[in-house]
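Q: Input data02.csv, format and content: CSV, C-alpha atoms.
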chain,number,residue,atom,x,y,z
A,31,MET,CA,-20.0,-10.4,8.6
A,32,LYS,CA,-23.1,-8.3,8.0
A,33,ILE,CA,-26.7,-8.2,9.1
A,34,ILE,CA,-29.2,-8.5,6.2
A,35,ILE,CA,-32.8,-7.6,6.9
A,36,ASP,CA,-35.8,-8.8,4.9
A,37,ALA,CA,-37.4,-5.3,5.2
A,38,ASP,CA,-40.6,-5.9,3.3
A,39,ALA,CA,-42.4,-7.0,6.5
A,40,CYS,CA,-40.0,-6.0,9.2
A,41,PRO,CA,-41.2,-3.9,12.1
A,42,ARG,CA,-39.5,-0.5,12.3
A,43,SER,CA,-38.5,-1.2,15.9
A,44,VAL,CA,-36.5,-4.3,14.7
A,45,LEU,CA,-34.8,-2.2,12.0
A,46,GLN,CA,-33.8,0.4,14.6
A,47,ILE,CA,-32.5,-2.3,17.0
A,48,CYS,CA,-30.4,-3.8,14.1
A,49,LEU,CA,-28.9,-0.4,13.3
A,50,LEU,CA,-28.1,0.3,16.9
A,51,LEU,CA,-26.4,-3.1,17.5
A,52,GLY,CA,-24.7,-3.0,14.1
A,53,ARG,CA,-23.1,0.3,15.1
A,54,ARG,CA,-22.2,-1.1,18.6
A,55,TYR,CA,-20.5,-4.2,17.1
A,56,ASP,CA,-19.2,-2.5,14.0
A,57,VAL,CA,-21.3,-4.8,11.7
A,58,PRO,CA,-22.8,-3.3,8.6
A,59,VAL,CA,-26.6,-3.5,8.3
A,60,TRP,CA,-28.2,-4.2,4.9
A,61,THR,CA,-31.9,-3.9,4.1
A,62,VAL,CA,-33.6,-5.4,1.1
A,63,ALA,CA,-37.2,-4.5,0.2
A,64,SER,CA,-39.4,-4.0,-2.9
A,65,TYR,CA,-39.7,-0.5,-4.4
A,66,ARG,CA,-43.1,-0.2,-2.6
A,67,HIS,CA,-41.4,0.3,0.8
A,68,GLN,CA,-39.7,3.4,2.0
A,69,ILE,CA,-36.7,2.2,4.1
A,70,ASP,CA,-34.2,4.6,5.7
A,71,SER,CA,-30.9,2.7,5.7
A,72,GLU,CA,-27.3,3.4,4.6
A,73,ASN,CA,-27.1,0.1,2.8
A,74,HIS,CA,-30.4,-0.4,1.2
A,75,VAL,CA,-31.1,-2.5,-1.9
A,76,THR,CA,-34.4,-2.0,-3.7
A,77,VAL,CA,-35.8,-4.8,-5.7
A,78,GLY,CA,-38.9,-5.1,-8.0
A,79,GLY,CA,-42.3,-6.1,-6.8
A,80,GLY,CA,-42.3,-9.6,-8.2
A,81,PRO,CA,-42.7,-12.6,-6.0
A,82,GLN,CA,-39.5,-13.8,-4.3
A,83,GLU,CA,-37.4,-10.9,-5.5
A,84,THR,CA,-36.4,-9.9,-2.0
A,85,ASP,CA,-35.6,-13.5,-1.1
A,86,ILE,CA,-33.4,-14.0,-4.2
A,87,LYS,CA,-31.5,-10.8,-3.5
A,88,MET,CA,-31.0,-11.8,0.1
A,89,MET,CA,-29.6,-15.2,-1.0
A,90,ASN,CA,-27.2,-13.4,-3.4
A,91,LEU,CA,-26.0,-10.9,-0.8
A,92,SER,CA,-25.5,-13.4,2.0
A,93,GLU,CA,-22.3,-15.2,2.9
A,94,ALA,CA,-21.5,-17.8,5.5
A,95,GLY,CA,-21.3,-16.1,8.9
A,96,ASP,CA,-23.8,-13.3,8.1
A,97,VAL,CA,-26.9,-12.7,10.2
A,98,ALA,CA,-30.3,-12.6,8.4
A,99,VAL,CA,-33.6,-11.3,9.9
A,100,THR,CA,-36.7,-12.6,8.2
A,101,GLN,CA,-40.2,-13.9,8.9
A,102,ASP,CA,-40.0,-16.1,5.8
A,103,TRP,CA,-39.3,-19.7,7.0
A,104,GLY,CA,-38.5,-20.9,3.4
A,105,LEU,CA,-35.9,-18.2,3.0
A,106,ALA,CA,-34.5,-19.0,6.4
A,107,ALA,CA,-34.1,-22.6,5.5
A,108,MET,CA,-32.2,-21.7,2.3
A,109,LEU,CA,-30.0,-19.2,4.2
A,110,LEU,CA,-29.2,-21.8,6.9
A,111,GLY,CA,-27.9,-24.0,4.1
A,112,LYS,CA,-25.4,-21.3,3.4
A,113,GLN,CA,-24.3,-21.2,7.0
A,114,VAL,CA,-26.1,-17.9,7.7
A,115,HIS,CA,-27.4,-17.2,11.2
A,116,CYS,CA,-31.2,-16.6,10.8
A,117,MET,CA,-33.7,-15.1,13.2
A,118,SER,CA,-37.2,-13.9,13.2
A,119,PRO,CA,-38.2,-10.3,14.1
A,120,GLY,CA,-39.9,-11.9,17.1
A,121,GLY,CA,-36.4,-12.9,18.5
A,122,ARG,CA,-36.5,-16.6,17.6
A,123,GLU,CA,-33.3,-18.0,16.2
A,124,TYR,CA,-33.9,-20.5,13.4
A,125,GLN,CA,-31.8,-23.6,13.6
A,126,SER,CA,-31.1,-26.4,11.2
A,127,ASP,CA,-32.7,-28.9,13.6
A,128,ASN,CA,-36.0,-27.1,13.9
A,129,ILE,CA,-36.6,-25.5,10.4
A,130,GLU,CA,-37.8,-28.7,8.8
A,131,PHE,CA,-40.5,-29.1,11.4
A,132,MET,CA,-41.5,-25.4,11.0
A,133,LEU,CA,-41.9,-25.8,7.2
A,134,GLU,CA,-44.0,-28.9,7.7
A,135,GLU,CA,-46.2,-27.0,10.2
A,136,ARG,CA,-46.6,-24.2,7.7
A,137,GLU,CA,-47.6,-26.6,4.9
A,138,MET,CA,-50.2,-28.3,7.2
A,139,LYS,CA,-51.7,-24.9,8.1
A,140,ALA,CA,-51.8,-23.9,4.5
A,141,ARG,CA,-53.6,-27.1,3.5
A,142,PHE,CA,-56.1,-26.5,6.4
A,143,ARG,CA,-56.8,-23.0,5.1
A,144,ARG,CA,-57.2,-24.1,1.5
A,145,GLY,CA,-59.8,-26.5,2.8
A,146,GLY,CA,-61.8,-23.6,4.3
A,147,GLY,CA,-60.3,-23.7,7.8
A,148,ARG,CA,-59.2,-20.6,9.7
A,149,THR,CA,-56.0,-20.1,11.7
A,150,LYS,CA,-55.0,-17.4,14.0
A,151,GLY,CA,-52.9,-14.5,12.7
A,152,PRO,CA,-49.9,-13.1,14.6
A,153,LYS,CA,-50.5,-11.3,17.9
A,154,LYS,CA,-49.9,-7.6,18.2
A,155,ARG,CA,-46.2,-6.7,18.6
A,156,SER,CA,-45.1,-5.7,22.1
A,157,ALA,CA,-42.2,-4.1,23.8
A,158,ASP,CA,-41.3,-7.6,25.1
A,159,ASP,CA,-40.9,-8.8,21.5
A,160,ASP,CA,-38.4,-5.9,20.9
A,161,GLN,CA,-36.5,-6.9,24.0
A,162,ARG,CA,-36.4,-10.6,23.1
A,163,PHE,CA,-35.2,-9.7,19.5
A,164,ALA,CA,-32.5,-7.4,20.8
A,165,GLN,CA,-31.3,-10.0,23.3
A,166,CYS,CA,-31.2,-12.7,20.6
A,167,LEU,CA,-29.4,-10.5,18.1
A,168,GLU,CA,-26.9,-9.4,20.7
A,169,LYS,CA,-26.2,-13.0,21.7
A,170,ILE,CA,-25.5,-13.9,18.1
A,171,LEU,CA,-23.2,-10.9,17.6
A,172,GLN,CA,-21.3,-11.6,20.8
A,173,ARG,CA,-20.8,-15.3,19.7
A,174,LYS,CA,-19.5,-14.2,16.3
A,175,GLN,CA,-17.2,-11.5,17.9
A,176,SER,CA,-15.7,-14.0,20.3
A,177,LEU,CA,-15.0,-16.4,17.4
A,178,ILE,CA,-13.3,-13.6,15.5
A,179,LEU,CA,-11.2,-12.7,18.5
A,180,LYS,CA,-10.1,-16.3,19.1
A,181,LYS,CA,-8.8,-16.8,15.6
A,182,PRO,CA,-5.0,-16.9,15.5
A,183,ASN,CA,-3.2,-14.0,14.0
A,184,ASP,CA,-1.8,-15.0,10.6
A,185,CYS,CA,0.1,-11.8,10.1
A,186,ARG,CA,3.2,-12.6,12.2
Could you rewrite the structure in this file as structure tokens?

A:
Amino acid sequence: MKIIIDADACPRSVLQICLLLGRRYDVPVWTVASYRHQIDSENHVTVGGGPQETDIKMMNLSEAGDVAVTQDWGLAAMLLGKQVHCMSPGGREYQSDNIEFMLEEREMKARFRRGGGRTKGPKKRSADDDQRFAQCLEKILQRKQSLILKKPNDCR
């Protein structure tokens, strides 16, 4: 298991929380970002600046059971199909049963904006957002760790 972060638009506080919890649970943390971003991470993958390059690299790096952090709902939908646990930097865990609704909502808002409408942007990040993110990630890591500990020992 590893934590993979879409670091192109990830708040630094989220990256720090991932690194801290990754060390605590002995889970490697991978960051993926375009060459335009300066990311300080032991396992960093730099991609070109083309559209979707970070998404494609995250899809290629991910395996079932990994944890992905992304704001990109489309990427989260694809990762969920690979049995990857996905969460937003805001601390929301994406689930197979809610991602389709989220994608439909995104499409409706995009259509509204193309027609000249205006929608609200995200609110300013707060300490509560960091706490919510840390709690959600820790809960996922604890679930994964308990599943690993419950597996029978095949090396008898």

Q: Atom CA of Lys87 of chain A to atom CA of Lys154 of chain A: how many Å, to one decimal?

A: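 Pair atom CA of Lys87 of chain A / atom CA of Lys154 of chain A returns 28.6 Å.
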
Q: At what distance in Å, to one decimal, does atom CA of Ala107 of chain A lie from atom CA of Tyr124 of chain A?

A: 8.2 Å

Q: What does the distance between atom CA of Leu91 of chain A and atom CA of Gln125 of chain A come to in Å, to one decimal place?

A: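 Straight-line distance from atom CA of Leu91 of chain A to atom CA of Gln125 of chain A works out to 20.1 Å.
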
Q: Counting all atoms listed in the file, which residue out of A:His74, A:Phe163, A:Lys169, A:His115 sits closest to Asp96 of chain A?

A: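 Among A:His74, A:Phe163, A:Lys169, A:His115, it is A:His115 that comes nearest to Asp96 of chain A.
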
Q: Leaving out Val75 of chain A and any residue of its chain fewer than 6 positions from it, which residues lie within 12 Å of it when counting all atoms listed in the file, given as a list in words?

A: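 In the requested form, the answer reads Ile34, Ile35, Asp36, Ala37, Asp38, Val59, Trp60, Thr61, Val62, Ala63, Ser64, Tyr65, His67, Gln68, Ile69, Glu83, Thr84, Asp85, Ile86, Lys87, Met88, Asn90 and Leu91 of chain A.
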
Q: Using only C-alpha atoms, can you tell me which of A:Ser118, A:Gln46, A:Gln175, A:Asn73 comes closest to Pro58 of chain A?

A: A:Asn73

Q: Between A:Arg162, A:Asp56, A:Gly111, A:Leu45, which has the minimum distance to Ser71 of chain A (counting only C-alpha atoms)?

A: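 Smallest separation from Ser71 of chain A among the options: A:Leu45.
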
Q: Counting only C-alpha atoms, I want the residues whose atoms come within 10 Å of (-30.7, -4.4, 19.1) in the file frame, returned as number ranges by chain.

A: A: 43-54, 160-168

Q: Write a file of the selected residues as a CSV table (one decimal), keeping the file's coordinate frame, keeping C-alpha atoms.

A:
chain,number,residue,atom,x,y,z
A,43,SER,CA,-38.5,-1.2,15.9
A,44,VAL,CA,-36.5,-4.3,14.7
A,45,LEU,CA,-34.8,-2.2,12.0
A,46,GLN,CA,-33.8,0.4,14.6
A,47,ILE,CA,-32.5,-2.3,17.0
A,48,CYS,CA,-30.4,-3.8,14.1
A,49,LEU,CA,-28.9,-0.4,13.3
A,50,LEU,CA,-28.1,0.3,16.9
A,51,LEU,CA,-26.4,-3.1,17.5
A,52,GLY,CA,-24.7,-3.0,14.1
A,53,ARG,CA,-23.1,0.3,15.1
A,54,ARG,CA,-22.2,-1.1,18.6
A,160,ASP,CA,-38.4,-5.9,20.9
A,161,GLN,CA,-36.5,-6.9,24.0
A,162,ARG,CA,-36.4,-10.6,23.1
A,163,PHE,CA,-35.2,-9.7,19.5
A,164,ALA,CA,-32.5,-7.4,20.8
A,165,GLN,CA,-31.3,-10.0,23.3
A,166,CYS,CA,-31.2,-12.7,20.6
A,167,LEU,CA,-29.4,-10.5,18.1
A,168,GLU,CA,-26.9,-9.4,20.7

Q: Check the smallest atom-to-atom distance from each of A:Val114, A:Glu72, A:Gly78, A:Lys150 to Lys174 of chain A using only C-alpha atoms, then report the winner.

A: A:Val114

Q: Just the residues within 12 Å of Gln113 of chain A, please, counting all atoms listed in the file, with nothing from its chain fewer than 3 positions along; format it as a list in words.

A: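 In the requested format, the answer is Met31, Met89, Ser92, Glu93, Ala94, Gly95, Asp96, Val97, Ala98, Ala106, Ala107, Met108, Leu109, Leu110, Cys116, Tyr124, Gln125 and Ser126 of chain A.
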
Q: Extract, using all atoms listed in the file, all DNA, RNA and protein residues at most 9 Å from Thr149 of chain A, discarding same-chain residues fewer than 5 positions from it, and format them as a PyMOL selection string.

A: chain A and resi 139+142-143
